[in-house]
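Enquirer: Just input32.cif, nothing more (mmCIF, C-alpha atoms and all ligand atoms):
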```cif
data_model
#
loop_
_atom_site.label_atom_id
_atom_site.label_comp_id
_atom_site.auth_asym_id
_atom_site.auth_seq_id
_atom_site.Cartn_x
_atom_site.Cartn_y
_atom_site.Cartn_z
CA MET F 1231 -64.74 29.75 114.65
CA LYS F 1232 -67.08 28.35 112.01
CA TRP F 1233 -67.71 30.89 109.24
CA LEU F 1234 -70.35 31.46 106.59
CA LEU F 1235 -69.12 33.49 103.62
CA VAL F 1236 -71.72 35.74 102.04
CA GLY F 1237 -70.32 36.58 98.63
CA ALA F 1238 -68.13 34.54 96.29
CA SER F 1239 -65.67 37.39 96.12
CA THR F 1240 -62.05 38.00 95.24
CA ILE F 1241 -61.18 39.33 98.69
CA ALA F 1242 -62.54 36.16 100.29
CA ALA F 1243 -60.61 33.98 97.84
CA GLU F 1244 -57.33 35.86 98.04
CA TYR F 1245 -57.15 36.70 101.75
CA MET F 1246 -60.06 36.02 104.07
CA ILE F 1247 -60.54 32.26 103.68
CA TRP F 1248 -56.86 31.75 104.51
CA ALA F 1249 -57.02 34.18 107.43
CA MET F 1250 -60.01 32.33 108.92
CA ARG F 1251 -58.32 28.94 108.47
CA ALA F 1252 -55.02 30.19 109.89
CA LEU F 1253 -56.49 30.58 113.36
CA PRO F 1254 -56.92 27.65 115.76
CA GLY F 1255 -60.22 25.89 115.10
CA GLY F 1256 -61.03 28.19 112.19
CA SER F 1257 -63.13 26.78 109.37
CA VAL F 1258 -65.17 28.02 106.42
CA ALA F 1259 -68.32 25.95 106.48
CA GLN F 1260 -70.40 27.44 103.70
CA VAL F 1261 -70.55 30.08 100.95
CA THR F 1262 -73.61 31.81 99.53
CA SER F 1263 -73.77 33.70 96.27
CA GLY F 1264 -76.35 35.24 93.98
CA SER F 1265 -75.48 32.57 91.41
CA ALA F 1266 -75.64 28.81 92.01
CA ALA F 1267 -72.94 28.17 89.43
CA ARG F 1268 -70.60 30.71 90.98
CA ALA F 1269 -71.25 29.37 94.48
CA ALA F 1270 -70.60 25.77 93.40
CA ASP F 1271 -67.45 26.71 91.54
CA PHE F 1272 -66.16 28.80 94.46
CA ALA F 1273 -66.90 26.03 96.98
CA ALA F 1274 -65.09 23.45 94.85
CA ARG F 1275 -62.13 25.70 94.20
CA TYR F 1276 -61.60 26.56 97.88
CA GLN F 1277 -62.72 23.26 99.47
CA ILE F 1278 -65.77 24.72 101.19
CA PRO F 1279 -68.11 21.88 102.20
CA ALA F 1280 -71.46 23.58 101.52
CA TRP F 1281 -72.73 26.23 99.15
CA GLY F 1282 -76.04 27.79 98.13
CA THR F 1283 -78.01 30.82 97.03
CA ASP F 1284 -80.46 30.93 99.95
CA LEU F 1285 -79.00 33.14 102.66
CA ASP F 1286 -81.72 32.38 105.22
CA ALA F 1287 -81.17 28.64 104.81
CA ALA F 1288 -77.43 29.10 105.20
CA LEU F 1289 -77.93 31.17 108.34
CA ALA F 1290 -80.11 28.41 109.77
CA ALA F 1291 -77.45 25.74 109.19
CA PRO F 1292 -76.20 24.24 112.45
CA GLY F 1293 -72.98 25.50 113.96
CA ILE F 1294 -72.45 28.74 112.02
CA GLU F 1295 -71.06 31.26 114.49
CA ALA F 1296 -69.91 34.15 112.33
CA VAL F 1297 -70.72 35.63 108.94
CA TYR F 1298 -68.33 37.44 106.63
CA VAL F 1299 -70.10 39.75 104.15
CA SER F 1300 -68.00 40.56 101.06
CA SER F 1301 -70.53 41.01 98.29
CA THR F 1302 -70.73 44.20 96.21
CA ASN F 1303 -71.44 47.23 98.36
CA GLU F 1304 -75.16 47.64 97.72
CA LYS F 1305 -75.82 44.16 99.16
CA HIS F 1306 -73.97 44.57 102.46
CA HIS F 1307 -76.88 46.13 104.34
CA ALA F 1308 -79.58 43.53 103.62
CA GLN F 1309 -77.21 40.59 104.02
CA ALA F 1310 -75.72 41.85 107.28
CA MET F 1311 -79.15 42.67 108.67
CA ALA F 1312 -80.29 39.09 107.92
CA ALA F 1313 -77.21 37.67 109.64
CA ILE F 1314 -77.68 39.91 112.68
CA ALA F 1315 -81.37 38.95 112.89
CA ALA F 1316 -80.26 35.30 112.91
CA GLY F 1317 -78.04 36.06 115.92
CA LYS F 1318 -74.71 35.72 114.10
CA HIS F 1319 -71.59 37.76 114.72
CA VAL F 1320 -70.78 39.73 111.56
CA LEU F 1321 -67.58 40.91 109.96
CA CYS F 1322 -68.67 43.19 107.13
CA GLU F 1323 -66.68 44.65 104.29
CA LYS F 1324 -66.29 48.35 103.80
CA PRO F 1325 -68.12 50.51 102.98
CA LEU F 1326 -70.72 49.15 105.37
CA GLY F 1327 -73.57 50.42 103.23
CA MET F 1328 -74.60 52.82 100.52
CA SER F 1329 -75.77 55.46 102.99
CA LEU F 1330 -75.15 56.59 106.53
CA ALA F 1331 -78.67 55.49 107.44
CA GLU F 1332 -77.98 51.93 106.25
CA ALA F 1333 -74.70 51.70 108.12
CA GLY F 1334 -76.14 53.14 111.32
CA GLU F 1335 -79.04 50.72 111.18
CA MET F 1336 -76.66 47.75 110.91
CA VAL F 1337 -74.63 48.84 113.93
CA ARG F 1338 -77.69 49.55 116.06
CA ALA F 1339 -79.30 46.23 115.09
CA ALA F 1340 -76.17 44.34 116.15
CA GLU F 1341 -76.10 46.17 119.47
CA ALA F 1342 -79.75 45.36 120.08
CA ARG F 1343 -79.21 41.67 119.17
CA GLY F 1344 -76.07 41.44 121.31
CA VAL F 1345 -73.74 40.26 118.53
CA VAL F 1346 -70.31 41.53 117.54
CA PHE F 1347 -70.34 43.64 114.41
CA ALA F 1348 -67.06 44.71 112.84
CA THR F 1349 -65.79 46.44 109.71
CA ASN F 1350 -62.98 44.87 107.70
CA HIS F 1351 -60.64 47.86 107.65
CA HIS F 1352 -57.42 45.89 107.26
CA LEU F 1353 -54.88 48.72 107.39
CA ARG F 1354 -55.31 49.37 111.10
CA CYS F 1355 -54.45 45.69 111.61
CA ALA F 1356 -51.03 46.06 109.96
CA GLY F 1357 -47.87 45.97 112.06
CA SER F 1358 -46.62 48.97 110.09
CA HIS F 1359 -49.64 51.12 110.90
CA ARG F 1360 -49.67 50.00 114.53
CA ALA F 1361 -46.01 51.01 114.83
CA ILE F 1362 -46.72 54.44 113.34
CA ARG F 1363 -49.68 54.96 115.61
CA ALA F 1364 -47.56 54.03 118.63
CA ALA F 1365 -44.82 56.47 117.59
CA VAL F 1366 -47.33 59.29 117.24
CA ALA F 1367 -48.99 58.44 120.56
CA GLN F 1368 -45.57 58.37 122.28
CA GLY F 1369 -44.98 61.94 121.11
CA ARG F 1370 -42.07 61.05 118.82
CA ILE F 1371 -43.12 63.73 116.32
CA GLY F 1372 -44.55 66.21 118.82
CA ARG F 1373 -47.83 67.90 118.03
CA VAL F 1374 -49.24 66.66 114.74
CA LEU F 1375 -49.59 69.36 112.11
CA SER F 1376 -50.57 67.52 108.97
CA MET F 1377 -50.96 64.16 107.30
CA ARG F 1378 -50.67 63.15 103.66
CA VAL F 1379 -52.11 59.90 102.37
CA HIS F 1380 -50.86 58.64 99.03
CA HIS F 1381 -53.28 55.97 97.85
CA ALA F 1382 -53.20 56.39 94.08
CA VAL F 1383 -52.79 52.88 92.75
CA HIS F 1384 -53.56 50.94 89.58
CA LEU F 1385 -56.65 48.78 89.87
CA PRO F 1386 -55.58 45.26 88.84
CA PRO F 1387 -57.30 43.95 85.67
CA HIS F 1388 -59.15 41.20 87.55
CA LEU F 1389 -60.88 43.86 89.69
CA GLN F 1390 -61.82 46.12 86.77
CA GLY F 1391 -65.57 45.49 86.90
CA TRP F 1392 -68.30 47.05 89.03
CA ARG F 1393 -65.83 49.39 90.78
CA LEU F 1394 -65.39 51.25 87.49
CA ASN F 1395 -68.81 51.19 85.87
CA ASP F 1396 -71.58 50.52 88.35
CA PRO F 1397 -72.65 53.32 90.68
CA ALA F 1398 -75.60 51.19 91.87
CA ALA F 1399 -73.18 48.54 93.16
CA GLY F 1400 -71.17 51.19 94.99
CA GLY F 1401 -68.46 51.72 92.38
CA GLY F 1402 -65.94 54.55 92.42
CA VAL F 1403 -62.61 55.21 94.05
CA ILE F 1404 -64.16 57.13 96.96
CA PRO F 1405 -66.20 54.23 98.42
CA ASP F 1406 -63.36 51.87 97.60
CA ILE F 1407 -60.18 53.66 98.68
CA THR F 1408 -61.02 56.99 100.33
CA VAL F 1409 -63.06 55.04 102.86
CA HIS F 1410 -59.89 53.14 103.88
CA ASP F 1411 -57.97 56.41 104.16
CA ALA F 1412 -60.72 57.74 106.39
CA ASP F 1413 -60.34 54.85 108.79
CA THR F 1414 -56.55 55.02 108.69
CA VAL F 1415 -56.47 58.74 109.41
CA ARG F 1416 -58.86 58.33 112.34
CA PHE F 1417 -56.73 55.44 113.61
CA HIS F 1418 -53.52 57.46 113.57
CA LEU F 1419 -54.85 60.79 114.77
CA GLY F 1420 -57.39 59.54 117.30
CA GLU F 1421 -59.91 62.16 116.25
CA ASP F 1422 -62.70 62.53 113.73
CA PRO F 1423 -62.27 64.93 110.80
CA VAL F 1424 -64.88 67.67 110.71
CA GLU F 1425 -64.78 69.29 107.26
CA VAL F 1426 -63.65 68.38 103.73
CA VAL F 1427 -63.10 69.93 100.33
CA ALA F 1428 -62.48 67.75 97.27
CA GLN F 1429 -62.29 67.30 93.53
CA MET F 1430 -62.81 64.06 91.63
CA THR F 1431 -62.37 63.02 88.01
CA GLN F 1432 -62.33 60.17 85.52
CA SER F 1433 -58.75 59.70 84.42
CA GLY F 1434 -58.84 56.66 82.17
CA LEU F 1435 -60.68 53.76 83.78
CA GLY F 1436 -63.86 55.09 85.37
CA GLN F 1437 -67.04 54.84 83.29
CA GLY F 1438 -69.76 56.79 85.05
CA VAL F 1439 -67.96 56.85 88.40
CA GLU F 1440 -64.88 58.71 89.61
CA ASP F 1441 -61.57 56.86 89.36
CA SER F 1442 -59.50 59.59 91.01
CA CYS F 1443 -60.03 62.00 93.86
CA MET F 1444 -58.02 64.51 95.85
CA SER F 1445 -59.41 65.81 99.10
CA VAL F 1446 -58.36 67.96 102.06
CA TRP F 1447 -59.82 67.40 105.49
CA SER F 1448 -59.60 69.31 108.77
CA THR F 1449 -59.76 67.88 112.27
CA PRO F 1450 -60.91 69.35 115.59
CA SER F 1451 -57.30 69.84 116.76
CA GLY F 1452 -56.41 71.66 113.54
CA VAL F 1453 -54.56 68.89 111.70
CA GLN F 1454 -54.76 69.23 107.91
CA VAL F 1455 -55.11 65.97 105.99
CA PHE F 1456 -54.54 65.48 102.27
CA ALA F 1457 -55.72 62.29 100.57
CA HIS F 1458 -54.89 61.31 96.98
CA ASP F 1459 -56.83 58.28 95.79
CA SER F 1460 -56.91 56.73 92.35
CA PHE F 1461 -57.38 53.57 90.31
CA THR F 1462 -55.25 54.79 87.39
CA HIS F 1463 -51.73 55.40 88.71
CA ARG F 1464 -49.33 52.64 87.69
CA PHE F 1465 -46.12 53.96 89.17
CA ALA F 1466 -47.07 56.42 91.93
CA GLY F 1467 -46.44 54.10 94.87
CA CYS F 1468 -48.45 54.42 98.04
CA GLY F 1469 -47.81 55.55 101.57
CA LEU F 1470 -48.54 58.08 104.23
CA GLU F 1471 -46.69 60.86 105.97
CA ILE F 1472 -47.45 62.39 109.34
CA HIS F 1473 -45.71 65.66 110.11
CA GLY F 1474 -45.37 67.09 113.59
CA THR F 1475 -43.60 69.89 115.43
CA GLU F 1476 -40.75 67.59 116.47
CA GLY F 1477 -40.52 65.15 113.60
CA SER F 1478 -41.99 63.52 110.53
CA ILE F 1479 -42.94 59.91 109.86
CA PHE F 1480 -42.73 58.51 106.34
CA GLY F 1481 -44.53 55.23 105.74
CA ARG F 1482 -43.64 54.08 102.24
CA GLY F 1483 -45.52 51.31 100.44
CA ILE F 1484 -47.74 50.60 103.44
CA MET F 1485 -51.24 51.30 102.06
CA THR F 1486 -51.48 47.72 100.84
CA GLN F 1487 -52.95 44.33 101.61
CA LYS F 1488 -49.54 42.81 102.28
CA PRO F 1489 -47.28 43.32 105.35
CA VAL F 1490 -44.70 45.27 103.36
CA GLY F 1491 -43.14 48.73 103.15
CA GLU F 1492 -40.81 50.75 105.31
CA ILE F 1493 -41.18 53.41 107.96
CA GLU F 1494 -38.73 56.21 108.59
CA LEU F 1495 -38.76 58.71 111.45
CA VAL F 1496 -36.98 62.02 110.87
CA THR F 1497 -36.24 64.33 113.83
CA ALA F 1498 -33.56 66.82 114.86
CA ALA F 1499 -31.53 63.76 115.96
CA GLY F 1500 -31.47 62.38 112.40
CA ARG F 1501 -33.16 59.58 110.49
CA GLU F 1502 -34.10 56.22 111.89
CA ARG F 1503 -35.89 53.16 110.57
CA VAL F 1504 -38.97 52.23 112.61
CA PRO F 1505 -39.26 48.43 113.01
CA TYR F 1506 -42.59 46.65 112.80
CA SER F 1507 -44.01 43.13 112.82
CA ASN F 1508 -44.82 41.74 109.40
CA TYR F 1509 -47.65 39.35 110.27
CA ASP F 1510 -50.63 38.95 107.90
CA LEU F 1511 -53.04 41.90 108.20
CA TYR F 1512 -56.22 39.96 107.56
CA THR F 1513 -55.36 37.15 109.97
CA GLN F 1514 -54.82 39.78 112.65
CA GLY F 1515 -58.20 41.33 111.83
CA VAL F 1516 -59.95 37.97 112.12
CA ALA F 1517 -58.05 37.23 115.34
CA ASP F 1518 -59.18 40.54 116.85
CA PHE F 1519 -62.75 39.79 115.74
CA GLU F 1520 -62.68 36.33 117.31
CA ALA F 1521 -61.25 37.75 120.53
CA ALA F 1522 -64.10 40.26 120.66
CA VAL F 1523 -66.63 37.45 120.18
CA ALA F 1524 -64.95 35.62 123.07
CA GLY F 1525 -65.36 38.73 125.22
CA ARG F 1526 -61.74 39.82 125.04
CA GLY F 1527 -61.59 43.40 123.78
CA ARG F 1528 -63.10 44.94 120.70
CA PRO F 1529 -62.66 44.25 117.00
CA ALA F 1530 -59.87 46.14 115.24
CA ALA F 1531 -62.51 48.32 113.57
CA ASP F 1532 -65.98 48.05 115.03
CA GLY F 1533 -69.29 49.09 113.54
CA ALA F 1534 -69.01 52.72 114.63
CA ASP F 1535 -65.60 52.89 112.91
CA GLY F 1536 -67.28 51.66 109.74
CA VAL F 1537 -70.04 54.25 110.03
CA LYS F 1538 -67.46 57.00 110.47
CA SER F 1539 -65.26 55.97 107.56
CA LEU F 1540 -68.36 55.89 105.36
CA ALA F 1541 -69.46 59.30 106.67
CA ILE F 1542 -66.11 60.81 105.69
CA ALA F 1543 -66.19 59.18 102.24
CA LEU F 1544 -69.74 60.40 101.62
CA ALA F 1545 -68.72 63.92 102.61
CA VAL F 1546 -65.73 63.78 100.26
CA ARG F 1547 -67.92 62.69 97.38
CA GLU F 1548 -70.51 65.37 98.10
CA ALA F 1549 -67.79 68.02 98.37
CA ALA F 1550 -66.40 66.93 95.01
CA ARG F 1551 -69.82 66.71 93.39
CA SER F 1552 -71.03 70.07 94.64
CA GLY F 1553 -67.76 71.96 94.66
CA THR F 1554 -68.48 73.09 98.21
CA ARG F 1555 -66.89 72.58 101.62
CA GLN F 1556 -68.77 69.85 103.48
CA ARG F 1557 -69.20 69.36 107.20
CA ILE F 1558 -69.08 65.66 108.01
CA ASP F 1559 -72.31 64.21 109.36
CA TYR F 1560 -71.55 61.17 111.53
CA GLY F 1561 -75.22 60.37 112.04
CA GLY F 1562 -74.97 60.52 115.82
CA PHE F 1563 -71.97 58.15 116.06
P1 LIG T 1601 -65.60 40.91 93.60
O1 LIG T 1601 -66.04 41.63 92.38
O2 LIG T 1601 -64.55 39.89 93.47
O3 LIG T 1601 -66.83 40.20 94.30
C1 LIG T 1601 -68.00 40.91 94.64
C2 LIG T 1601 -69.22 40.14 94.18
O4 LIG T 1601 -69.22 40.09 92.77
C3 LIG T 1601 -69.22 38.69 94.65
O5 LIG T 1601 -69.81 38.61 95.90
C4 LIG T 1601 -69.99 38.00 93.55
O6 LIG T 1601 -71.38 38.03 93.79
C5 LIG T 1601 -69.78 38.87 92.34
N1 LIG T 1601 -68.82 38.23 91.42
C6 LIG T 1601 -67.61 37.73 91.71
N2 LIG T 1601 -67.05 37.21 90.62
C7 LIG T 1601 -67.94 37.36 89.63
C8 LIG T 1601 -67.97 37.01 88.27
N3 LIG T 1601 -66.93 36.39 87.69
N4 LIG T 1601 -69.05 37.33 87.53
C9 LIG T 1601 -70.08 37.97 88.09
N5 LIG T 1601 -70.12 38.31 89.40
C10 LIG T 1601 -69.08 38.00 90.14
O7 LIG T 1601 -65.25 42.03 94.66
P2 LIG T 1601 -64.11 42.17 95.73
O8 LIG T 1601 -63.77 40.90 96.37
O9 LIG T 1601 -63.01 42.94 95.15
O10 LIG T 1601 -64.87 43.13 96.79
C11 LIG T 1601 -65.94 42.63 97.55
C12 LIG T 1601 -66.19 43.55 98.74
O11 LIG T 1601 -65.02 43.55 99.55
C13 LIG T 1601 -66.45 45.00 98.40
O12 LIG T 1601 -67.38 45.52 99.30
C14 LIG T 1601 -65.12 45.69 98.58
O13 LIG T 1601 -65.25 47.05 98.94
C15 LIG T 1601 -64.52 44.88 99.71
N6 LIG T 1601 -63.07 44.79 99.69
C16 LIG T 1601 -62.39 45.02 100.84
C17 LIG T 1601 -61.05 44.90 100.92
C18 LIG T 1601 -60.35 45.10 102.23
O14 LIG T 1601 -59.14 45.01 102.28
N7 LIG T 1601 -61.05 45.33 103.29
C19 LIG T 1601 -60.24 44.58 99.72
C20 LIG T 1601 -61.05 44.29 98.56
C21 LIG T 1601 -62.41 44.40 98.56
P3 LIG T 1601 -72.11 36.82 94.55
O15 LIG T 1601 -71.92 37.07 95.98
O16 LIG T 1601 -73.53 36.98 94.12
O17 LIG T 1601 -71.46 35.58 94.09
#
```
Take the structure in the file and give it back as structure tokens.
Expert:
Amino acid sequence: MKWLLVGASTIAAEYMIWAMRALPGGSVAQVTSGSAARAADFAARYQIPAWGTDLDAALAAPGIEAVYVSSTNEKHHAQAMAAIAAGKHVLCEKPLGMSLAEAGEMVRAAEARGVVFATNHHLRCAGSHRAIRAAVAQGRIGRVLSMRVHHAVHLPPHLQGWRLNDPAAGGGVIPDITVHDADTVRFHLGEDPVEVVAQMTQSGLGQGVEDSCMSVWSTPSGVQVFAHDSFTHRFAGCGLEIHGTEGSIFGRGIMTQKPVGEIELVTAAGRERVPYSNYDLYTQGVADFEAAVAGRGRPAADGADGVKSLAIALAVREAARSGTRQRIDYGGF
């Protein structure tokens, strides 16, 4: 698949370019950026043959089949809408937009244009998460009672920019990390949370946006979910636990971009290690996207998944801002 990158971003440089190139016939043909200098530098650094600042011109270039949008969050909507209008398949970073209306519009536009539109929620592509989901679905822990997500990390220095000080660009830990939790919880539980309560704070890095948040969600079947998200925790480690009537699953170190961590299942029979495949998460996500474009299945996380993860994150932020319990509005999705 021949890709156009929209955004000279860190995530593209560190993971996505390599994921696209890892697949048979995969190539990155062009990059666009808001800055000519940044685009030129990025293209040279990552051996991308063409670069520019004119998105429409890039979309009109011959042979581009798919567009990966990884700019700052406030740009996703306009850039994805332009790509969809040009008839390109789109893999868009999370959060899809700044509002539910933006995200919904993107998904509906893609449906109307007949192109594949997917959200880059990488965690559901991980072998570790797929193994946990399978164990839950097989009834290994019985009826699920609760889930705890530990996603309090330390934002690396090279990412300490707009996420910490620019609400207009979509900064804050909730659009950055809680949105991933939202998708992961939906992936494991197979249902959509209905209500949330939350508190957020600035605990050392955030300047004008929250850098830490704790929230509690409820689901239609009565599962209680706790999510702890932060940019300021150096030593907390990450993971998730799912507790059921017949067992508990502990996924340690698995809320990451790498195929690492360990999974333990604890039941009346004792403790056992749950094996999983340690392939690259992002390559799997691109492979699932390409398969969907070829008419084989759906992307790992489609547009509706992206709308829903954003809806949950927005409800968490509103609950924290207002100090009130919030019902989650999925905007008809
Ligand atoms: P970056 O800050 O690296 O890049 C975002 C944008 O910032 C770029 O598109 C670029 O704009 C601009 N930019 C990059 N470097 C500079 C610079 N040195 N000076 C000024 N501007 C610069 O963000 P990330 O790569 O961390 O995140 C991009 C998107 O990807 C976000 O939406 C984020 O939520 C998402 N993301 C998703 C992950 C996942 O696993 N799914 C992981 C990490 C991020 P321009 O395009 O104009 O060049």
Enquirer: Just how far from CA of Ala1340 (chain F) is CA of Ile1314 (chain F), in Å to one decimal?
Expert: 5.8 Å
Enquirer: Need the axis-aligned box for ligand LIG 1601 (chain T) with 6 Å each side, so what are the centre and edges in Å to one decimal, as lines of an AutoDock Vina configuration file?
Expert:
```
center_x = -66.3
center_y = 41.3
center_z = 95.4
size_x = 26.4
size_y = 23.5
size_z = 27.8
```
Enquirer: Quick one: everything within 9 Å of region 1321-1331 of chain F, counting only C-alpha atoms, minus sequence neighbours fewer than 6 positions away in the same chain. Send it as an mmCIF file with C-alpha atoms, in the coordinates of the input.
Expert:
```
data_model
loop_
_atom_site.group_PDB
_atom_site.id
_atom_site.type_symbol
_atom_site.label_atom_id
_atom_site.label_comp_id
_atom_site.auth_asym_id
_atom_site.auth_seq_id
_atom_site.Cartn_x
_atom_site.Cartn_y
_atom_site.Cartn_z
ATOM 1 C CA ALA F 1296 -69.910 34.150 112.330
ATOM 2 C CA VAL F 1297 -70.720 35.630 108.940
ATOM 3 C CA TYR F 1298 -68.330 37.440 106.630
ATOM 4 C CA VAL F 1299 -70.100 39.750 104.150
ATOM 5 C CA SER F 1300 -68.000 40.560 101.060
ATOM 6 C CA SER F 1301 -70.530 41.010 98.290
ATOM 7 C CA ASN F 1303 -71.440 47.230 98.360
ATOM 8 C CA GLU F 1304 -75.160 47.640 97.720
ATOM 9 C CA LYS F 1305 -75.820 44.160 99.160
ATOM 10 C CA HIS F 1306 -73.970 44.570 102.460
ATOM 11 C CA HIS F 1307 -76.880 46.130 104.340
ATOM 12 C CA ALA F 1310 -75.720 41.850 107.280
ATOM 13 C CA VAL F 1346 -70.310 41.530 117.540
ATOM 14 C CA PHE F 1347 -70.340 43.640 114.410
ATOM 15 C CA ALA F 1348 -67.060 44.710 112.840
ATOM 16 C CA THR F 1349 -65.790 46.440 109.710
ATOM 17 C CA ASN F 1350 -62.980 44.870 107.700
ATOM 18 C CA HIS F 1351 -60.640 47.860 107.650
ATOM 19 C CA ALA F 1398 -75.600 51.190 91.870
ATOM 20 C CA ALA F 1399 -73.180 48.540 93.160
ATOM 21 C CA GLY F 1400 -71.170 51.190 94.990
ATOM 22 C CA PRO F 1405 -66.200 54.230 98.420
ATOM 23 C CA ASP F 1406 -63.360 51.870 97.600
ATOM 24 C CA VAL F 1409 -63.060 55.040 102.860
ATOM 25 C CA HIS F 1410 -59.890 53.140 103.880
ATOM 26 C CA VAL F 1516 -59.950 37.970 112.120
ATOM 27 C CA PHE F 1519 -62.750 39.790 115.740
ATOM 28 C CA ASP F 1532 -65.980 48.050 115.030
ATOM 29 C CA GLY F 1533 -69.290 49.090 113.540
ATOM 30 C CA GLY F 1536 -67.280 51.660 109.740
ATOM 31 C CA VAL F 1537 -70.040 54.250 110.030
ATOM 32 C CA LYS F 1538 -67.460 57.000 110.470
ATOM 33 C CA SER F 1539 -65.260 55.970 107.560
ATOM 34 C CA LEU F 1540 -68.360 55.890 105.360
ATOM 35 C CA ALA F 1541 -69.460 59.300 106.670
ATOM 36 C CA ALA F 1543 -66.190 59.180 102.240
ATOM 37 C CA LEU F 1544 -69.740 60.400 101.620
ATOM 38 C CA ASP F 1559 -72.310 64.210 109.360
ATOM 39 C CA TYR F 1560 -71.550 61.170 111.530
ATOM 40 C CA GLY F 1561 -75.220 60.370 112.040
#
```
Enquirer: How many Å lie between CA of Met1430 (chain F) and CA of Gly1401 (chain F), rounded to one decimal?
Expert: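 Going from CA of Met1430 (chain F) over to CA of Gly1401 (chain F) covers 13.6 Å.
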Enquirer: Taking all atoms listed in the file into account, produce a table as JSON lines in which each residue of region 1304-1323 of chain F with an atom at most 12 Å from an atom of region 1290-1294 of chain F appears once, together with its shortest atom pair and the distance in Å to one decimal, ordered by chain and rising number.
Expert:
```
{"residue": "F:Ala1312", "atom": "CA", "partner": "F:Ala1290", "partner_atom": "CA", "distance": 10.8}
{"residue": "F:Ala1313", "atom": "CA", "partner": "F:Ala1290", "partner_atom": "CA", "distance": 9.7}
{"residue": "F:Ala1315", "atom": "CA", "partner": "F:Ala1290", "partner_atom": "CA", "distance": 11.1}
{"residue": "F:Ala1316", "atom": "CA", "partner": "F:Ala1290", "partner_atom": "CA", "distance": 7.6}
{"residue": "F:Gly1317", "atom": "CA", "partner": "F:Ile1294", "partner_atom": "CA", "distance": 10.0}
{"residue": "F:Lys1318", "atom": "CA", "partner": "F:Ile1294", "partner_atom": "CA", "distance": 7.6}
{"residue": "F:His1319", "atom": "CA", "partner": "F:Ile1294", "partner_atom": "CA", "distance": 9.5}
{"residue": "F:Val1320", "atom": "CA", "partner": "F:Ile1294", "partner_atom": "CA", "distance": 11.1}
```
Enquirer: Between CA of Met1246 (chain F) and CA of Gly1402 (chain F), what is the distance in Å, rounded to a tenth?
Expert: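 Value for the CA of Met1246 (chain F)-CA of Gly1402 (chain F) distance: 22.7 Å.
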Enquirer: Using only C-alpha atoms, which protein or nucleic acid residues come within 9 Å of Thr1431 (chain F)? Drop anything in the same chain fewer than 4 positions from it, and give the result as a PyMOL selection string.
Expert: chain F and resi 1436+1439-1443+1550
Enquirer: Can you tell me, as a list in words, what residues are no more than 9 Å from region 1496-1500 of chain F when counting all atoms listed in the file, ignoring any on the same chain fewer than 3 positions away?
Expert: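 Residues near the query, excluding close chain neighbours: Arg1370, Ile1371, Glu1476, Gly1477, Ser1478, Ile1479, Phe1480 and Arg1503 of chain F.
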Enquirer: Extract, using only C-alpha atoms, all DNA, RNA and protein residues at most 10 Å from Gln1277 (chain F), discarding same-chain residues fewer than 5 positions from it, and format them as a PyMOL selection string.
Expert: chain F and resi 1258-1260+1271-1272
Enquirer: Write only N, CA and C atoms for region 1494-1504 of chain F from the block just shown, as an mmCIF file, in the first residue's frame.
Expert:
```cif
data_model
loop_
_atom_site.group_PDB
_atom_site.id
_atom_site.type_symbol
_atom_site.label_atom_id
_atom_site.label_comp_id
_atom_site.auth_asym_id
_atom_site.auth_seq_id
_atom_site.Cartn_x
_atom_site.Cartn_y
_atom_site.Cartn_z
ATOM 1 N N GLU F 1494 -0.854 -12.906 33.937
ATOM 2 C CA GLU F 1494 -1.050 -14.005 34.873
ATOM 3 C C GLU F 1494 -2.551 -14.190 35.108
ATOM 4 N N LEU F 1495 -2.953 -15.471 35.121
ATOM 5 C CA LEU F 1495 -4.342 -15.822 35.422
ATOM 6 C C LEU F 1495 -4.368 -16.510 36.779
ATOM 7 N N VAL F 1496 -5.199 -16.024 37.684
ATOM 8 C CA VAL F 1496 -5.302 -16.610 39.012
ATOM 9 C C VAL F 1496 -6.725 -17.126 39.206
ATOM 10 N N THR F 1497 -6.838 -18.445 39.482
ATOM 11 C CA THR F 1497 -8.141 -19.072 39.728
ATOM 12 C C THR F 1497 -8.008 -19.990 40.941
ATOM 13 N N ALA F 1498 -9.098 -20.698 41.261
ATOM 14 C CA ALA F 1498 -9.041 -21.641 42.380
ATOM 15 C C ALA F 1498 -7.988 -22.716 42.127
ATOM 16 N N ALA F 1499 -7.669 -22.972 40.856
ATOM 17 C CA ALA F 1499 -6.673 -23.996 40.507
ATOM 18 C C ALA F 1499 -5.244 -23.508 40.725
ATOM 19 N N GLY F 1500 -5.045 -22.212 40.928
ATOM 20 C CA GLY F 1500 -3.699 -21.684 41.141
ATOM 21 C C GLY F 1500 -3.379 -20.550 40.194
ATOM 22 N N ARG F 1501 -2.081 -20.354 39.979
ATOM 23 C CA ARG F 1501 -1.603 -19.258 39.131
ATOM 24 C C ARG F 1501 -1.013 -19.833 37.861
ATOM 25 N N GLU F 1502 -1.305 -19.207 36.752
ATOM 26 C CA GLU F 1502 -0.671 -19.643 35.507
ATOM 27 C C GLU F 1502 -0.312 -18.445 34.639
ATOM 28 N N ARG F 1503 0.780 -18.573 33.924
ATOM 29 C CA ARG F 1503 1.214 -17.549 32.977
ATOM 30 C C ARG F 1503 0.411 -17.713 31.698
ATOM 31 N N VAL F 1504 -0.121 -16.639 31.164
ATOM 32 C CA VAL F 1504 -0.863 -16.700 29.895
ATOM 33 C C VAL F 1504 0.095 -16.311 28.774
#
```
